[in-house]
Amino acid sequence: MRLTFCFLSAFLATQAVALDDPKVPLDDPLKSGMWSYHQINILGDPAKIRFDDRVVVKAPAVAEDSFNVPVLVDATALENVTQMVFLVDYGPIPKILTYWPEQSEPKISFRFKIDQATPVRAAVHTSDGMWHVGSTVIDAAGGGCTAPAVAYAADDWEEHLGKVHGQVWPENGRLRMIVDHPMDTGLADGIPIFIIEDLAVSTPGTKSPLARLRLYEPVNEDPAFTLYFDKATLGTEVSVTGRDNNGNEIDAIIRAAASQ
Amino acid sequence: MIHITRRAVLGAAVGTAASGLAPRTVFANPTSYELKPFSVADGIWMIEGSRDYFSRENGGAIVNCALIDTDIGVLIVDSGPSKKYGEALLDVARGLNGRGAAGVMITHHHPDHFFGNQVFADKPIYALPETRALAASEGDGFADNMYRLLGDWMRGTEPLPPNKDITSSFLTIGGRKLKTLPLAGHTGADLAILDEKTGTLIAGDLAFLDRAPTTPHADLAVWRDALTVMSQQQASSIIPGHGPIDRTGTSLTQTRAYLDWLEATLKRSAGEGLDMVEIMDLPIPEEFSGMGSMPQEFYRSVAHLYPDIERTVMPLSR
């Protein structure tokens with residue numbers, strides 16, 4: 001009887017561990033306690049996933065401004081990238097951004113709000129179904145997610161809502177844009193979540209987008225992106241469209257310097 | 001398993017590093033500041049800080065302090081990064097003049113310059129009115145970060161704002177006449193002090209020498225104006241906020257050259273659509289790369305200044 005009980009509890013114990021384990025257990029180079037949780041819950045516990053040095057995540061070792069932490073992710077060493085997911089291990093809202101580089105390079109610069117020192121991950125999906133994960137660590141004093149947007153210090157912020165500063169450099173295959181938006185996380189007292197959800201860039205008059213983005217709460221106030229393209233891809237005008245969670249539309253044309 | 005020390009991270013060639021979560025020393029060695037005053041002019045001493053950024057090795061003693069002899073004791077300019085530093089400073093003052101500390105003057109509200117104030121709570125602590133206000137509103141936030149960066153060195157430290165406003169152009173303390181220059185640019189209010197007797201200019205953080213200037217609250221145009229005003233004082237020597245004593249005025253020209261380069265670099269980068277991480281990878285001219293706290297201070301300045309600069313440089317689309 002006692003023996004049966006022992007076997008049973010041993011069986012249950014293994015089961016309990018197995019339920020927490022991802023399908024593909026990885027040896028996280030940063031030994032973070034949260035990685036396997038995010039592997040299951042954010043990436044959907046994929047059957048094919050590995051840490052991969054070809055996904056380069058670059059960021060300053062220390063976040064100087066918790067509201068504007070710059071990150072550059074470069075996965076151009078990989079072929080056939082379909083999707084890039086950016087997240088942090090530690091933070092109240094771990095998922096930052098998803099990028100679909102439809103006709104762009106699998107490379108992007110963005111900024112986000114950091115709440116504490118954390119690993120930052122880029123999970124890059126290729127068409128063969130494999131997820132390739134790159135990481136870095138950013139130290140931070142924190143607090144970036146739980147403070148109100150700076151915009152509210154100015155009383156004309158609504159007039160800027162959804163306005164786009166930007167430029168294309170077709171000769172360098174580069175697009176940079178800043179979209180004015182408070183990007184409220186919903187974590188500051190009395191301020192509900194108010195964020196841009198979707199952005200797409202496309203060549204005016206064409207249907208299929210050059211690149212698409214899905215933004216989450218941690219993206220910085222007035223989101224700023226650099227997107228990278230083959231030199232032949234960009235014309236002198238690029239259309240930026242999008243929508244926030246209150247239904248406000250974003251619709252702007254970004255131009256090359258010569259055609260301003 | 002990656003194993004990288006903090007020093008290796010700081011030394012990484014591009015300053016952007018994948019670091020392991022190396023454990024920090026929790027139980028620090030007994031901490032004490034060794035402050036060595038040296039005479040720079042008749043009745044004026046300087047304590048020179050480390051040219052590095054805050055660390056648990058230097059205890060935050062990165063700032064220059066000046067000590068001015070008067071008939072009623074030593075007037076201390078800037079009280080350092082912690083209570084313990086303030087206590088060490090008081091010891092130094094007592095060693096220089098039997099009357100001890102006559103009072104304190106605070107050049108601006110950054111934590112490495114006023115967090116020793118507690119020790120001098122019963123003395124007059126002079127500063128510009130705006131500095132007093134900024135120290136009151138931002139002190140607690142600074143303290144959080146200083147405790148995080150310096151740990152045990154900060155024990156018992158609580159930010160105490162200055163208690164006496166400087167509203168006149170001259171201040172005479174214990175028979176020593178000082179010209180007070182109410183400037184700004186490094187922060188919203190920066191005090192420079194000219195000792196009438198010796199012509200020594202105590203520049204606060206408006207002047208750096210062989211140590212990269214810091215910009216968390218900088219307005220570059222206003223800062224350049226302040227440099228112009230200081231260069232017109234015909235100072236015999238300049239005590240910069242960070243770096244060695246300056247006998248030739250180099251601290252003013254070097255600080256200006258650095259700010260000019262910084263702004264030009266950021267504007268050009270905005271014109272080329274660079275992201276902050278790409279700017280941090282740009283080569284730093286030899287003239288500036290050897291300064292203390294480089295390239296970390298450049299990375300910090302990119303974070304402080306670039307978001308606003310690129311908004312003004314990049315066109316607004318319709």
# chains A, B, ... in the order shown; residues from 1 in each chain; ligands from 1

$ residues_around --residues "Leu178 of chain B" --least-positions-apart "2" --cutoff "8 Å" --atoms "only C-alpha atoms" --output "mmCIF file with C-alpha atoms, in the first residue's frame"
data_model
loop_
_atom_site.group_PDB
_atom_site.id
_atom_site.type_symbol
_atom_site.label_atom_id
_atom_site.label_comp_id
_atom_site.auth_asym_id
_atom_site.auth_seq_id
_atom_site.Cartn_x
_atom_site.Cartn_y
_atom_site.Cartn_z
ATOM 1 C CA PHE B 170 28.153 88.829 -4.232
ATOM 2 C CA LEU B 171 28.303 86.911 -1.002
ATOM 3 C CA THR B 172 30.742 87.686 1.794
ATOM 4 C CA ILE B 173 31.283 84.853 4.224
ATOM 5 C CA ARG B 176 35.868 86.343 2.067
ATOM 6 C CA THR B 180 28.142 84.289 -7.555
ATOM 7 C CA ILE B 193 31.657 80.976 -7.928
ATOM 8 C CA LEU B 194 34.563 83.390 -8.394
ATOM 9 C CA ASP B 195 36.811 84.006 -5.409
ATOM 10 C CA GLU B 196 37.705 87.708 -5.510
#

$ residues_around --residues "Ala63 of chain A" --least-positions-apart "4" --cutoff "9 Å" --atoms "only C-alpha atoms" --output "list in words"
Ala59, Phe67, Asn68, Val69, Pro70, Ile114, Ala117, Ile138, Asp139, Ala140, Ala141 and Gly142 of chain A; Arg300 and Ala303 of chain B

$ closest_residue --among "B:Ala41, B:Leu191, B:Ile245, B:Ala133" --to "Thr107 of chain B" --atoms "only C-alpha atoms"
B:Leu191

$ select_by_dssp --residues "segment 21-246 of chain B" --states "helix (DSSP H, G or I)" --output "PyMOL selection string"
chain B and resi 83-96+111-114+117-120+129-154+220-231

$ interface_residues --of "chain A" --to "chain B" --cutoff "8 Å" --atoms "only C-alpha atoms" --output "number ranges by chain"
A: 29-31, 58-61, 64-65, 68-72, 109-110, 135-137, 141, 163-167, 169, 174-176, 178, 225-226, 252-255

$ residues_around --residues "Met183 of chain A" --least-positions-apart "6" --cutoff "6 Å" --atoms "only C-alpha atoms" --output "MDAnalysis selection string"
chainID A and resid 194:195 221

$ write_last_selection --atoms "C-alpha atoms" --output "CSV table (one decimal), in the first residue's frame"
chain,number,residue,atom,x,y,z
A,194,PHE,CA,-4.3,53.6,-24.9
A,195,ILE,CA,-1.9,52.2,-27.4
A,221,GLU,CA,5.7,56.9,-26.0

$ residues_around --residues "segment 33-37 of chain B" --least-positions-apart "6" --cutoff "6 Å" --atoms "only C-alpha atoms" --output "list in words"
Trp45, Met46 and Ile47 of chain B

$ write_last_selection --atoms "C-alpha atoms" --output "PDB file, in the first residue's frame"
ATOM      1  CA  TRP B  45      41.767  73.561  -1.546  1.00  0.00           C
ATOM      2  CA  MET B  46      40.334  71.034  -3.934  1.00  0.00           C
ATOM      3  CA  ILE B  47      39.403  67.400  -3.489  1.00  0.00           C
TER       4      ILE B  47
END

$ decode --residues "segment 65-92 of chain B" --atoms "N, CA and C atoms" --output "PDB file, in the first residue's frame"
ATOM      1  N   CYS B  65      35.290  68.656  -5.003  1.00  0.00           N
ATOM      2  CA  CYS B  65      34.799  69.595  -3.997  1.00  0.00           C
ATOM      3  C   CYS B  65      35.859  70.663  -3.783  1.00  0.00           C
ATOM      4  N   ALA B  66      35.391  71.879  -3.481  1.00  0.00           N
ATOM      5  CA  ALA B  66      36.331  72.958  -3.167  1.00  0.00           C
ATOM      6  C   ALA B  66      36.135  73.351  -1.715  1.00  0.00           C
ATOM      7  N   LEU B  67      37.213  73.762  -1.065  1.00  0.00           N
ATOM      8  CA  LEU B  67      37.138  74.227   0.323  1.00  0.00           C
ATOM      9  C   LEU B  67      37.785  75.601   0.379  1.00  0.00           C
ATOM     10  N   ILE B  68      37.040  76.565   0.903  1.00  0.00           N
ATOM     11  CA  ILE B  68      37.500  77.954   0.921  1.00  0.00           C
ATOM     12  C   ILE B  68      37.662  78.402   2.369  1.00  0.00           C
ATOM     13  N   ASP B  69      38.861  78.844   2.703  1.00  0.00           N
ATOM     14  CA  ASP B  69      39.136  79.273   4.073  1.00  0.00           C
ATOM     15  C   ASP B  69      38.528  80.649   4.325  1.00  0.00           C
ATOM     16  N   THR B  70      37.827  80.797   5.457  1.00  0.00           N
ATOM     17  CA  THR B  70      37.289  82.104   5.841  1.00  0.00           C
ATOM     18  C   THR B  70      37.561  82.309   7.330  1.00  0.00           C
ATOM     19  N   ASP B  71      37.219  83.506   7.818  1.00  0.00           N
ATOM     20  CA  ASP B  71      37.460  83.816   9.234  1.00  0.00           C
ATOM     21  C   ASP B  71      36.587  82.990  10.173  1.00  0.00           C
ATOM     22  N   ILE B  72      35.480  82.454   9.638  1.00  0.00           N
ATOM     23  CA  ILE B  72      34.564  81.718  10.529  1.00  0.00           C
ATOM     24  C   ILE B  72      34.599  80.215  10.257  1.00  0.00           C
ATOM     25  N   GLY B  73      35.590  79.776   9.513  1.00  0.00           N
ATOM     26  CA  GLY B  73      35.702  78.349   9.208  1.00  0.00           C
ATOM     27  C   GLY B  73      35.816  78.125   7.713  1.00  0.00           C
ATOM     28  N   VAL B  74      35.713  76.865   7.311  1.00  0.00           N
ATOM     29  CA  VAL B  74      35.884  76.513   5.903  1.00  0.00           C
ATOM     30  C   VAL B  74      34.521  76.463   5.213  1.00  0.00           C
ATOM     31  N   LEU B  75      34.425  77.177   4.097  1.00  0.00           N
ATOM     32  CA  LEU B  75      33.221  77.104   3.277  1.00  0.00           C
ATOM     33  C   LEU B  75      33.421  75.975   2.253  1.00  0.00           C
ATOM     34  N   ILE B  76      32.497  75.038   2.250  1.00  0.00           N
ATOM     35  CA  ILE B  76      32.630  73.862   1.387  1.00  0.00           C
ATOM     36  C   ILE B  76      31.747  74.041   0.148  1.00  0.00           C
ATOM     37  N   VAL B  77      32.311  73.829  -1.019  1.00  0.00           N
ATOM     38  CA  VAL B  77      31.498  73.901  -2.227  1.00  0.00           C
ATOM     39  C   VAL B  77      31.243  72.476  -2.722  1.00  0.00           C
ATOM     40  N   ASP B  78      29.998  72.063  -2.642  1.00  0.00           N
ATOM     41  CA  ASP B  78      29.460  70.744  -2.995  1.00  0.00           C
ATOM     42  C   ASP B  78      29.834  69.705  -1.936  1.00  0.00           C
ATOM     43  N   SER B  79      28.805  68.974  -1.506  1.00  0.00           N
ATOM     44  CA  SER B  79      28.951  68.134  -0.304  1.00  0.00           C
ATOM     45  C   SER B  79      29.090  66.647  -0.607  1.00  0.00           C
ATOM     46  N   GLY B  80      29.153  66.282  -1.882  1.00  0.00           N
ATOM     47  CA  GLY B  80      29.462  64.894  -2.219  1.00  0.00           C
ATOM     48  C   GLY B  80      28.233  63.997  -2.331  1.00  0.00           C
ATOM     49  N   PRO B  81      28.483  62.689  -2.576  1.00  0.00           N
ATOM     50  CA  PRO B  81      27.417  61.765  -2.983  1.00  0.00           C
ATOM     51  C   PRO B  81      26.684  61.064  -1.838  1.00  0.00           C
ATOM     52  N   SER B  82      27.151  61.208  -0.586  1.00  0.00           N
ATOM     53  CA  SER B  82      26.534  60.410   0.485  1.00  0.00           C
ATOM     54  C   SER B  82      26.765  61.080   1.844  1.00  0.00           C
ATOM     55  N   LYS B  83      26.031  60.598   2.823  1.00  0.00           N
ATOM     56  CA  LYS B  83      26.210  61.086   4.195  1.00  0.00           C
ATOM     57  C   LYS B  83      27.646  60.818   4.661  1.00  0.00           C
ATOM     58  N   LYS B  84      28.110  59.612   4.373  1.00  0.00           N
ATOM     59  CA  LYS B  84      29.460  59.226   4.799  1.00  0.00           C
ATOM     60  C   LYS B  84      30.517  60.137   4.168  1.00  0.00           C
ATOM     61  N   TYR B  85      30.288  60.523   2.912  1.00  0.00           N
ATOM     62  CA  TYR B  85      31.210  61.445   2.238  1.00  0.00           C
ATOM     63  C   TYR B  85      31.172  62.810   2.934  1.00  0.00           C
ATOM     64  N   GLY B  86      29.973  63.264   3.294  1.00  0.00           N
ATOM     65  CA  GLY B  86      29.827  64.542   3.994  1.00  0.00           C
ATOM     66  C   GLY B  86      30.601  64.537   5.298  1.00  0.00           C
ATOM     67  N   GLU B  87      30.541  63.398   5.997  1.00  0.00           N
ATOM     68  CA  GLU B  87      31.270  63.291   7.272  1.00  0.00           C
ATOM     69  C   GLU B  87      32.788  63.380   7.042  1.00  0.00           C
ATOM     70  N   ALA B  88      33.243  62.720   6.000  1.00  0.00           N
ATOM     71  CA  ALA B  88      34.678  62.773   5.674  1.00  0.00           C
ATOM     72  C   ALA B  88      35.089  64.195   5.307  1.00  0.00           C
ATOM     73  N   LEU B  89      34.188  64.883   4.615  1.00  0.00           N
ATOM     74  CA  LEU B  89      34.450  66.257   4.206  1.00  0.00           C
ATOM     75  C   LEU B  89      34.549  67.172   5.436  1.00  0.00           C
ATOM     76  N   LEU B  90      33.671  66.933   6.394  1.00  0.00           N
ATOM     77  CA  LEU B  90      33.702  67.720   7.627  1.00  0.00           C
ATOM     78  C   LEU B  90      35.028  67.497   8.365  1.00  0.00           C
ATOM     79  N   ASP B  91      35.490  66.250   8.373  1.00  0.00           N
ATOM     80  CA  ASP B  91      36.794  65.949   8.981  1.00  0.00           C
ATOM     81  C   ASP B  91      37.907  66.740   8.299  1.00  0.00           C
ATOM     82  N   VAL B  92      37.860  66.770   6.980  1.00  0.00           N
ATOM     83  CA  VAL B  92      38.867  67.512   6.224  1.00  0.00           C
ATOM     84  C   VAL B  92      38.813  68.985   6.603  1.00  0.00           C
TER      85      VAL B  92
END
